[in-house]
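To start, the structure itself, in structure tokens.
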Amino acid sequence: MWKCENCGRTFEKTNQSHYCKEKPKTIDEYLDTFDEDRKNIMAQYRDLIKETLPQAKEKNSWNMPTFYDGKNIIHFAGHKNHLGIYPGPKGVEEFLEEIKDIGLSSTKGAIQIPYDREIPMDFIIRLTEFSYKNR
Ligand SMILES: [Zn+2]
């Protein structure tokens, strides 16, 4: 692990290039704080949510990419080995059986999807639509 003395973030690779300023304000800036592999995977989730909800706007809120339309709809965040999707407690509850069936784990308001797992597209689309209707 390498810790950037400037911003305090830690990375696996020494001198990893990253967004090294104040906290990212946009999703692009947020994605730039990750290595290429994670960034590319997260960008695919972002595109999928954007295609599902073209009317939603994006912001970086609580340092999590966030989609909103009046109210927050759904967030995601990059972690070391997985992407976290945050549809809120209602979304997790609604899809709990399916989350287990497709082999994902979840907490009260978050679903963990390992980066090396194929994107469960159909599930993400329905989860996003549910979160929109129940925002
Ligand atoms: Zn830095």
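In the structure tokens, the first chain shown is A, the next is B, and so on; residue numbers restart at 1 for each chain, and ligands run from 1 in the order shown.
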
Which of chain A DSSP labels helix (DSSP H, G or I), written as JSON, numbers by chain: {"A": [27, 28, 29, 30, 31, 36, 37, 38, 39, 40, 41, 42, 43, 44, 45, 46, 47, 48, 49, 50, 51, 52, 89, 90, 91, 92, 93, 94, 96, 97, 98, 99, 100, 101, 121, 122, 123, 124, 125, 126, 127, 128, 129, 130, 131, 132, 133]}

Using only C-alpha atoms and all ligand atoms, find each protein or nucleic acid residue lying at most 9 Å from ligand 1; present the set as a CSV table (one decimal) with C-alpha atoms, in the first residue's frame.
chain,number,residue,atom,x,y,z
A,3,LYS,CA,-0.2,6.6,0.9
A,4,CYS,CA,-0.2,9.9,-1.0
A,5,GLU,CA,1.2,12.5,1.4
A,6,ASN,CA,-0.6,15.2,-0.3
A,7,CYS,CA,-4.2,14.0,-0.1
A,8,GLY,CA,-3.9,11.1,2.3
A,9,ARG,CA,-5.5,8.5,0.0
A,10,THR,CA,-4.0,5.0,-0.1
A,15,ASN,CA,2.9,6.8,-7.1
A,16,GLN,CA,-0.5,5.8,-8.5
A,17,SER,CA,-1.8,8.7,-10.5
A,18,HIS,CA,-5.0,10.0,-9.1
A,19,TYR,CA,-7.1,13.1,-8.6
A,20,CYS,CA,-5.1,14.8,-5.9
A,21,LYS,CA,-6.9,17.9,-4.9
A,33,THR,CA,-9.5,8.9,-8.1

Contact residues around range 98-113 of chain A with only C-alpha atoms at 8 Å, ignoring same-chain residues under 5 positions, as a PyMOL selection string: chain A and resi 82-93

Expected answer as number ranges by chain: strand (DSSP E) residues in chain A: A: 2-3, 10-11, 57-61, 64-69, 71-78, 82-86, 105-106, 111-114

Test item: residues at most 12 Å from Leu31 in chain A, only C-alpha atoms, excluding those fewer than 2 positions along its chain, as an NGL selection string: :A and (18-19 or 23-29 or 33-46 or 60 or 63-65 or 76-79)

d(CA of Met121 in chain A, CA of His75 in chain A) in Å: 16.0 Å
